[in-house]
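Enquirer: my_file31.cif (mmCIF, C-alpha atoms) pasted underneath:
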```
data_work
loop_
_atom_site.label_atom_id
_atom_site.label_comp_id
_atom_site.auth_asym_id
_atom_site.auth_seq_id
_atom_site.Cartn_x
_atom_site.Cartn_y
_atom_site.Cartn_z
CA MET A 588 0.00 0.00 0.00
CA PRO A 589 1.20 3.57 -0.66
CA LEU A 590 2.45 5.41 2.42
CA ASN A 591 0.72 8.54 3.69
CA ALA A 592 3.35 11.26 4.08
CA LEU A 593 3.39 14.80 5.45
CA GLY A 594 5.72 17.45 4.15
CA TYR A 595 6.13 21.10 3.24
CA ALA A 596 5.48 21.95 -0.40
CA ALA A 597 5.28 24.89 -2.77
CA GLN A 598 2.04 24.95 -4.75
CA SER A 599 3.22 27.63 -7.18
CA ALA A 600 6.25 29.80 -7.92
CA THR A 601 4.87 32.62 -5.77
CA ALA A 602 3.38 30.63 -2.89
CA ASP A 603 5.05 30.09 0.46
CA LEU A 604 5.85 26.52 1.35
CA ALA A 605 3.06 25.06 3.50
CA PRO A 606 1.99 21.71 5.00
CA PHE A 607 1.17 19.13 2.34
CA HIS A 608 -0.25 15.62 2.62
CA PHE A 609 0.75 13.24 -0.16
CA GLU A 610 1.47 9.58 -0.91
CA ARG A 611 4.83 7.87 -1.11
CA ARG A 612 4.88 4.89 -3.42
CA ASP A 613 4.20 1.33 -2.36
CA PRO A 614 7.66 0.02 -1.33
CA ARG A 615 9.27 -2.33 -3.85
CA PRO A 616 11.45 -5.37 -2.98
CA ASP A 617 14.68 -3.34 -3.33
CA ASP A 618 13.38 -0.30 -1.43
CA VAL A 619 14.28 1.18 1.94
CA VAL A 620 11.66 3.12 3.89
CA ILE A 621 13.30 5.91 5.89
CA ASP A 622 11.97 8.06 8.71
CA ILE A 623 13.53 11.45 7.98
CA LEU A 624 15.22 13.17 10.92
CA TYR A 625 17.00 16.09 9.25
CA CYS A 626 17.15 17.72 5.83
CA GLY A 627 19.57 20.40 4.71
CA VAL A 628 18.35 23.47 2.83
CA CYS A 629 20.13 24.04 -0.50
CA HIS A 630 20.01 26.97 -2.92
CA SER A 631 18.63 24.45 -5.43
CA ASP A 632 15.59 23.95 -3.18
CA LEU A 633 14.79 27.63 -3.34
CA HIS A 634 15.37 27.86 -7.11
CA THR A 635 13.11 24.87 -7.69
CA ALA A 636 10.35 26.09 -5.36
CA ARG A 637 10.30 29.42 -7.18
CA ASN A 638 10.68 27.89 -10.66
CA ASP A 639 13.81 29.93 -11.36
CA TRP A 640 14.98 27.27 -13.82
CA GLY A 641 11.62 26.93 -15.56
CA TRP A 642 11.03 23.18 -15.12
CA THR A 643 9.24 22.87 -11.76
CA THR A 644 6.09 20.75 -11.58
CA TYR A 645 3.79 21.68 -8.69
CA PRO A 646 3.18 20.80 -5.97
CA ILE A 647 6.84 20.26 -5.12
CA VAL A 648 8.41 19.06 -1.85
CA PRO A 649 12.08 20.13 -1.96
CA GLY A 650 15.03 18.68 -0.06
CA HIS A 651 17.97 16.48 -1.14
CA GLU A 652 20.26 16.49 1.90
CA ILE A 653 18.40 13.81 3.82
CA ILE A 654 19.41 12.02 7.01
CA GLY A 655 17.14 9.50 8.69
CA ARG A 656 16.74 6.02 10.14
CA VAL A 657 15.61 2.89 8.37
CA ARG A 658 12.07 1.89 9.28
CA GLU A 659 11.55 -0.95 6.82
CA VAL A 660 13.51 -2.82 4.15
CA GLY A 661 12.32 -4.78 1.13
CA ALA A 662 12.85 -8.50 0.68
CA GLN A 663 15.83 -7.99 -1.63
CA VAL A 664 17.68 -5.52 0.63
CA THR A 665 20.75 -6.86 2.40
CA ARG A 666 22.90 -3.74 2.99
CA PHE A 667 20.61 -2.11 5.55
CA LYS A 668 18.58 -3.07 8.59
CA VAL A 669 15.90 -1.38 10.65
CA GLY A 670 17.38 1.37 12.83
CA ASP A 671 20.41 2.14 10.65
CA ALA A 672 21.35 5.80 10.24
CA VAL A 673 21.29 6.52 6.50
CA GLY A 674 21.42 9.32 4.00
CA VAL A 675 19.85 10.16 0.65
CA GLY A 676 21.37 12.80 -1.62
CA CYS A 677 20.41 14.47 -4.86
CA MET A 678 19.51 11.30 -6.80
CA VAL A 679 17.20 8.36 -6.18
CA ASP A 680 17.72 6.42 -9.41
CA SER A 681 19.45 6.27 -12.81
CA CYS A 682 19.44 4.02 -15.86
CA ARG A 683 22.07 1.82 -14.14
CA HIS A 684 23.51 0.46 -17.41
CA CYS A 685 25.29 3.31 -19.23
CA LYS A 686 29.06 3.75 -18.85
CA PRO A 687 28.87 6.47 -16.16
CA CYS A 688 26.36 4.42 -14.13
CA GLU A 689 28.53 1.31 -14.38
CA LYS A 690 31.45 3.38 -13.01
CA GLY A 691 29.34 4.61 -10.07
CA GLU A 692 29.01 8.09 -11.59
CA GLU A 693 25.23 8.12 -11.80
CA GLN A 694 25.19 11.92 -11.72
CA TYR A 695 26.34 11.78 -15.36
CA CYS A 696 23.81 9.11 -16.40
CA LYS A 697 23.38 9.28 -20.18
CA GLU A 698 19.63 8.80 -19.84
CA GLY A 699 19.43 11.36 -17.06
CA SER A 700 19.54 10.56 -13.36
CA THR A 701 16.28 10.69 -11.40
CA PHE A 702 16.51 13.57 -8.96
CA THR A 703 15.24 13.28 -5.41
CA TYR A 704 12.54 15.88 -6.03
CA GLY A 705 10.99 17.11 -9.25
CA GLY A 706 12.15 14.02 -11.13
CA GLN A 707 10.10 11.29 -12.72
CA ASP A 708 10.10 7.82 -11.21
CA ARG A 709 11.39 5.40 -13.83
CA HIS A 710 8.75 2.75 -12.96
CA ASP A 711 5.46 4.48 -12.21
CA HIS A 712 6.29 7.90 -13.79
CA THR A 713 5.11 9.86 -10.76
CA THR A 714 6.94 13.03 -9.70
CA THR A 715 9.53 12.43 -6.99
CA GLN A 716 9.19 14.43 -3.77
CA GLY A 717 12.03 15.40 -1.47
CA GLY A 718 13.14 15.51 2.12
CA TYR A 719 11.09 18.32 3.63
CA SER A 720 8.87 15.50 4.86
CA ASP A 721 8.51 12.83 7.48
CA GLN A 722 9.49 9.81 5.37
CA ILE A 723 10.86 8.71 2.02
CA VAL A 724 11.03 5.48 0.00
CA VAL A 725 14.26 4.94 -1.97
CA SER A 726 15.96 2.07 -3.80
CA ASP A 727 18.72 0.67 -1.60
CA ARG A 728 21.26 1.38 -4.36
CA PHE A 729 20.82 5.11 -3.70
CA VAL A 730 20.82 4.93 0.10
CA LEU A 731 24.07 5.72 1.91
CA LYS A 732 25.44 4.52 5.22
CA VAL A 733 26.17 7.20 7.82
CA PRO A 734 29.24 6.30 9.90
CA ASP A 735 28.76 5.75 13.62
CA GLY A 736 29.47 8.83 15.71
CA LEU A 737 28.97 11.37 12.93
CA ASP A 738 26.66 14.18 14.06
CA LEU A 739 23.46 13.59 12.12
CA LYS A 740 22.45 17.25 11.90
CA GLY A 741 25.82 18.32 10.53
CA ALA A 742 25.99 15.30 8.23
CA ALA A 743 22.90 16.28 6.22
CA PRO A 744 24.60 18.93 4.02
CA LEU A 745 27.38 16.48 3.19
CA LEU A 746 24.87 14.89 0.78
CA CYS A 747 25.00 17.95 -1.51
CA ALA A 748 27.31 20.76 -0.36
CA GLY A 749 29.88 18.22 0.79
CA ILE A 750 29.89 15.96 -2.25
CA THR A 751 29.79 18.92 -4.66
CA THR A 752 33.19 20.06 -3.38
CA TRP A 753 34.59 16.58 -2.62
CA SER A 754 34.11 15.28 -6.16
CA PRO A 755 36.46 17.79 -7.87
CA LEU A 756 39.00 17.48 -5.06
CA ARG A 757 39.15 13.74 -5.68
CA HIS A 758 38.97 13.95 -9.47
CA TRP A 759 41.97 16.31 -9.60
CA LYS A 760 43.79 14.16 -7.02
CA VAL A 761 44.22 16.72 -4.27
CA GLY A 762 46.50 15.56 -1.48
CA PRO A 763 49.58 16.54 0.55
CA GLY A 764 51.54 19.21 -1.29
CA SER A 765 48.57 20.38 -3.41
CA GLN A 766 47.87 24.09 -3.64
CA VAL A 767 44.09 24.56 -3.56
CA ALA A 768 42.01 27.74 -3.56
CA VAL A 769 38.31 28.08 -2.87
CA VAL A 770 36.32 31.01 -4.28
CA GLY A 771 33.49 32.06 -1.99
CA LEU A 772 32.74 31.25 1.65
CA GLY A 773 29.22 29.86 1.84
CA GLY A 774 27.53 26.49 2.08
CA LEU A 775 29.78 25.00 -0.60
CA GLY A 776 32.88 27.06 0.13
CA HIS A 777 33.10 26.23 3.82
CA MET A 778 32.98 22.51 2.97
CA GLY A 779 35.64 23.00 0.31
CA LEU A 780 37.99 24.51 2.88
CA LYS A 781 37.39 21.73 5.40
CA LEU A 782 37.79 18.88 2.93
CA ALA A 783 40.82 20.25 1.07
CA LYS A 784 42.60 20.83 4.37
CA ALA A 785 41.76 17.32 5.61
CA LEU A 786 43.17 15.89 2.37
CA GLY A 787 46.51 17.55 3.18
CA ALA A 788 46.43 20.53 0.79
CA GLU A 789 47.64 24.04 1.48
CA VAL A 790 44.38 25.97 1.23
CA THR A 791 43.60 29.56 0.26
CA LEU A 792 40.26 31.37 0.34
CA PHE A 793 39.47 33.93 -2.35
CA THR A 794 36.91 36.41 -1.07
CA ARG A 795 35.53 39.78 -2.11
CA SER A 796 34.68 40.74 1.47
CA LYS A 797 36.95 41.77 4.29
CA GLY A 798 36.43 40.40 7.78
CA LYS A 799 36.26 36.69 6.95
CA GLU A 800 39.80 35.84 8.00
CA ALA A 801 39.08 34.37 11.43
CA ASP A 802 36.24 32.17 10.22
CA ALA A 803 38.14 31.06 7.14
CA ARG A 804 41.15 30.00 9.22
CA ARG A 805 38.90 28.13 11.64
CA LEU A 806 37.48 26.22 8.70
CA GLY A 807 40.88 25.28 7.30
CA ALA A 808 42.23 28.16 5.21
CA ASP A 809 45.97 28.76 5.47
CA HIS A 810 45.73 32.00 3.51
CA ILE A 811 43.05 34.56 2.63
CA VAL A 812 43.27 36.63 -0.55
CA LEU A 813 41.03 39.62 -1.20
CA SER A 814 40.17 39.10 -4.87
CA THR A 815 39.39 42.81 -5.38
CA ASP A 816 42.96 43.78 -4.39
CA PRO A 817 45.27 43.66 -7.45
CA ALA A 818 48.40 43.47 -5.30
CA GLN A 819 47.12 40.46 -3.36
CA MET A 820 46.09 38.73 -6.59
CA ALA A 821 49.48 39.39 -8.19
CA ALA A 822 51.18 37.90 -5.15
CA VAL A 823 49.55 34.50 -5.80
CA ALA A 824 50.21 34.32 -9.55
CA ASP A 825 51.00 30.83 -10.89
CA ARG A 826 50.29 29.19 -7.54
CA PHE A 827 47.20 26.97 -7.54
CA ASP A 828 46.87 23.44 -8.86
CA LEU A 829 43.10 23.63 -8.40
CA ILE A 830 40.65 26.45 -7.81
CA VAL A 831 37.17 25.37 -6.68
CA ASP A 832 34.77 28.17 -7.64
CA THR A 833 31.59 27.98 -5.54
CA VAL A 834 30.05 31.34 -6.54
CA PRO A 835 26.37 30.79 -7.50
CA TYR A 836 25.92 33.75 -9.85
CA ILE A 837 27.47 35.29 -12.98
CA HIS A 838 31.00 36.54 -12.32
CA ASP A 839 34.23 37.23 -14.16
CA LEU A 840 36.67 34.30 -14.11
CA ASN A 841 39.53 36.17 -15.78
CA PRO A 842 41.13 37.55 -12.58
CA TYR A 843 41.61 34.01 -11.26
CA LEU A 844 43.23 32.41 -14.33
CA PRO A 845 46.69 33.97 -13.80
CA THR A 846 46.74 32.50 -10.27
CA LEU A 847 46.63 28.94 -11.64
CA ALA A 848 49.90 27.05 -11.81
CA THR A 849 50.99 25.48 -15.09
CA SER A 850 48.44 22.76 -15.96
CA GLY A 851 46.15 24.05 -13.18
CA THR A 852 42.36 23.93 -13.35
CA LEU A 853 39.58 26.25 -12.24
CA VAL A 854 36.46 24.14 -11.70
CA LEU A 855 32.98 25.66 -11.47
CA VAL A 856 30.65 23.95 -8.99
CA GLY A 857 28.27 26.73 -7.95
CA TYR A 858 26.93 28.30 -11.13
CA LEU A 859 25.00 27.00 -14.14
CA GLY A 860 24.57 29.18 -17.20
CA GLY A 861 26.34 31.64 -19.47
CA LEU A 862 29.26 33.73 -18.30
CA GLU A 863 29.55 37.44 -18.87
CA ARG A 864 32.91 38.64 -20.21
CA LEU A 865 34.64 36.27 -22.54
CA LEU A 866 37.44 34.16 -21.15
CA ASN A 867 40.87 35.53 -21.92
CA THR A 868 42.59 32.46 -23.36
CA THR A 869 46.10 33.94 -23.17
CA PRO A 870 46.96 32.60 -19.69
CA MET A 871 45.21 29.34 -20.58
CA VAL A 872 47.22 28.75 -23.75
CA LEU A 873 50.54 29.96 -22.36
CA GLY A 874 50.21 27.91 -19.17
CA ARG A 875 48.05 24.93 -20.20
CA LYS A 876 45.44 26.16 -17.74
CA SER A 877 41.86 24.89 -17.83
CA VAL A 878 38.35 25.95 -16.88
CA ALA A 879 36.11 22.97 -16.08
CA GLY A 880 32.82 22.12 -14.41
CA SER A 881 31.76 19.46 -11.94
CA LEU A 882 28.41 18.21 -10.71
CA ILE A 883 27.77 16.28 -7.50
CA GLY A 884 29.21 12.77 -7.05
CA GLY A 885 27.82 9.32 -7.61
CA THR A 886 26.85 6.84 -4.92
CA LYS A 887 30.35 5.33 -4.68
CA GLU A 888 32.04 8.71 -4.29
CA THR A 889 29.40 9.99 -1.86
CA GLN A 890 29.86 6.95 0.37
CA GLU A 891 33.61 7.54 0.21
CA LEU A 892 33.00 11.11 1.38
CA LEU A 893 30.82 10.02 4.30
CA ASP A 894 33.41 7.45 5.37
CA PHE A 895 36.19 10.07 5.13
CA CYS A 896 34.15 12.52 7.20
CA GLY A 897 33.49 9.79 9.76
CA GLU A 898 37.22 9.11 10.07
CA HIS A 899 38.11 12.80 10.38
CA GLY A 900 35.09 14.06 12.33
CA ILE A 901 34.03 16.47 9.58
CA VAL A 902 30.49 17.84 9.33
CA SER A 903 28.96 21.04 8.03
CA ASP A 904 28.49 24.12 10.17
CA VAL A 905 24.72 24.28 10.48
CA GLU A 906 21.86 26.30 11.90
CA VAL A 907 19.04 23.92 12.83
CA ILE A 908 15.54 25.31 12.31
CA ARG A 909 11.94 24.12 12.51
CA VAL A 910 10.26 23.29 9.22
CA GLN A 911 7.75 26.07 9.93
CA GLU A 912 10.64 28.55 9.52
CA ILE A 913 11.50 27.50 5.96
CA ASN A 914 10.06 30.54 4.19
CA ALA A 915 11.99 32.95 6.40
CA ALA A 916 15.07 30.78 5.88
CA TYR A 917 14.73 31.15 2.11
CA GLU A 918 14.75 34.94 2.45
CA ARG A 919 17.83 34.76 4.68
CA LEU A 920 19.46 32.39 2.20
CA LEU A 921 19.06 34.98 -0.56
CA LYS A 922 20.92 37.47 1.64
CA GLY A 923 23.68 35.02 2.55
CA ASP A 924 22.54 35.24 6.17
CA VAL A 925 23.49 31.75 7.36
CA LYS A 926 26.69 30.10 8.61
CA TYR A 927 26.79 27.96 6.66
CA ARG A 928 23.80 25.71 6.02
CA PHE A 929 20.24 25.59 7.32
CA VAL A 930 19.09 22.16 8.42
CA LEU A 931 15.44 21.32 9.06
CA ASP A 932 14.58 19.31 12.16
CA LEU A 933 11.72 17.21 10.80
CA ALA A 934 10.48 16.34 14.29
CA SER A 935 8.93 19.82 14.08
CA LEU A 936 6.44 18.50 11.51
CA LYS A 937 4.53 16.98 14.41
CA ALA A 938 3.99 20.40 16.00
#
```
Could I get this structure in the form of structure tokens?
Expert:
Amino acid sequence: MPLNALGYAAQSATADLAPFHFERRDPRPDDVVIDILYCGVCHSDLHTARNDWGWTTYPIVPGHEIIGRVREVGAQVTRFKVGDAVGVGCMVDSCRHCKPCEKGEEQYCKEGSTFTYGGQDRHDHTTTQGGYSDQIVVSDRFVLKVPDGLDLKGAAPLLCAGITTWSPLRHWKVGPGSQVAVVGLGGLGHMGLKLAKALGAEVTLFTRSKGKEADARRLGADHIVLSTDPAQMAAVADRFDLIVDTVPYIHDLNPYLPTLATSGTLVLVGYLGGLERLLNTTPMVLGRKSVAGSLIGGTKETQELLDFCGEHGIVSDVEVIRVQEINAAYERLLKGDVKYRFVLDLASLKA
């Protein structure tokens, strides 16, 4: 039988999120039924709720940084048992047979991965609904194990903000001796600092705002560079093996290219869309420097991240709020007024 669920949903692009009763699908033999404890609040949630990208189907329950406990497992499930602490990230399915899927990189599924909310279930073609709710039903292949001892509230944003920065760090083989810079200190940027430092890199924060030095150093930055200061930018020319750019809006990349070392890469993880100001290819050609993009990570890489965070005691810096505060949180998110990720306590749904 389908499961009766309660969540918070947007009914239109201009409506506040409000309580919403809906049905989760009848669990299949490979499914895990999860009681949701916490769900992080991502910029993508806000963009989807307000149809900023033009593809939202209403009503929509956002949320793809989900932490909960297993309530029930299907007959074919062997990896999980009732009571396990688990996570669900940005995807709940994929084609499972294309080359990226076979490599565990389902985020690049050639048929399109099924997103946790606003996607279409590959079996019954219903719209998927996310983690601003009391429960979720997910195939065990897309459920992740949360290591013992990891703070569950702080672990929630690892499923998006964490993996979004971890994936490029791993792909470009960051480790001891690497010179890494992070552009922007927000939900993504603060995780980039923590993870790059834990991997052994020397870490620099690029910021446009003064006054972030103390927080940046606490989070793992060895150096802070004011990107609006030409002298400070000139002082770090030809330094960085990897720059992780977390800025979520249109901005000029050209000032950062000269700071890349020979064969260095600037990878965009925060912004989708066209760039204003053409890229100056001179430093790229003369120094074999690259501009790249990266999405989230697949299930294999996300589990690797969670295990790494469990070993090193790494979680996101979070502000825990009641689900009834989500609309105010969205307004604060637009102003950058959070350090560094909102997390919903879904026990508040019962209020």
Enquirer: Which polymer residues, protein or nucleic acid, are no farther than 10 Å from (9.9, 15.3, 10.0), counting only C-alpha atoms, as a PyMOL selection string?
Expert: chain A and resi 592-595+622-626+655+718-722+909-910+931-938
Enquirer: Compare A:Glu659, A:Glu652, A:Asp639, A:Asp711 by their minimum atom-to-atom distance to A:Arg612, counting all atoms listed in the file, and give me the closest one.
Expert: A:Asp711
Enquirer: Taking the file as shown, find all residues satisfying the PyMOL selection byres ((chain A and resi 619) around 12) and write them as a ChimeraX atom specification.
Expert: /A:611-618,620-623,655-675,679,722-731
Enquirer: Using only C-alpha atoms, which of the listed residues (A:Lys781, A:Glu912, A:Asp632, A:Val770) sits closest to A:Gly900?
Expert: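 Nearest candidate to A:Gly900 out of A:Lys781, A:Glu912, A:Asp632, A:Val770: A:Lys781.
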Enquirer: So which one's closest to A:Glu693, A:Thr751, A:Ser681, A:Gln766, A:Asn591? Using only C-alpha atoms, please.
Expert: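 Smallest separation from A:Glu693 among the options: A:Ser681.
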Enquirer: Within 12 Å of A:Arg919, counting only C-alpha atoms, which residues qualify if same-chain residues fewer than 3 places away don't, as JSON, numbers by chain?
Expert: {"A": [628, 630, 633, 906, 912, 913, 914, 915, 916, 922, 923, 924, 925, 926, 927, 928, 929]}
Enquirer: Hey, can you pull every residue with an atom no more than 12 Å from (32.8, 21.8, -8.6), using only C-alpha atoms, and send it as an NGL selection string?
Expert: :A and (747-759 or 769-770 or 775-776 or 778-779 or 829-835 or 852-859 or 878-884)
Enquirer: Evaluate the PyMOL selection byres ((chain A and resi 786) around 7) on the structure here and hand back the selected residues as a list in words.
Expert: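 This file gives the following for the PyMOL selection byres ((chain A and resi 786) around 7): Val761, Gly762, Pro763, Leu782, Ala783, Lys784, Ala785, Gly787 and Ala788 of chain A.
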Enquirer: Determine the nearest neighbour of A:Gly851 from the options A:His608, A:Ser765, A:Ser796, A:His712, counting all atoms listed in the file.
Expert: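 Ranked by minimum distance to A:Gly851, first place goes to A:Ser765.
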Enquirer: Go ahead and compute the interatomic distance for atom CA of A:Asp735 and atom CA of A:Val930, in Å to one decimal.
Expert: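 Interatomic distance, atom CA of A:Asp735 to atom CA of A:Val930: 19.7 Å.
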Enquirer: In Å, rounded to a single decimal, give me how far atom CA of A:Val733 is from atom CA of A:Gln911.
Expert: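 So the answer is 26.5 Å.
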Enquirer: Step by step, work through what the PyMOL selection byres ((chain A and resi 642-649) around 10) selects in the shown file, and finish by giving those residues as a ChimeraX atom specification.
Expert: /A:593-600,604-607,609,626,628-629,631-641,650-652,703-706,714-720
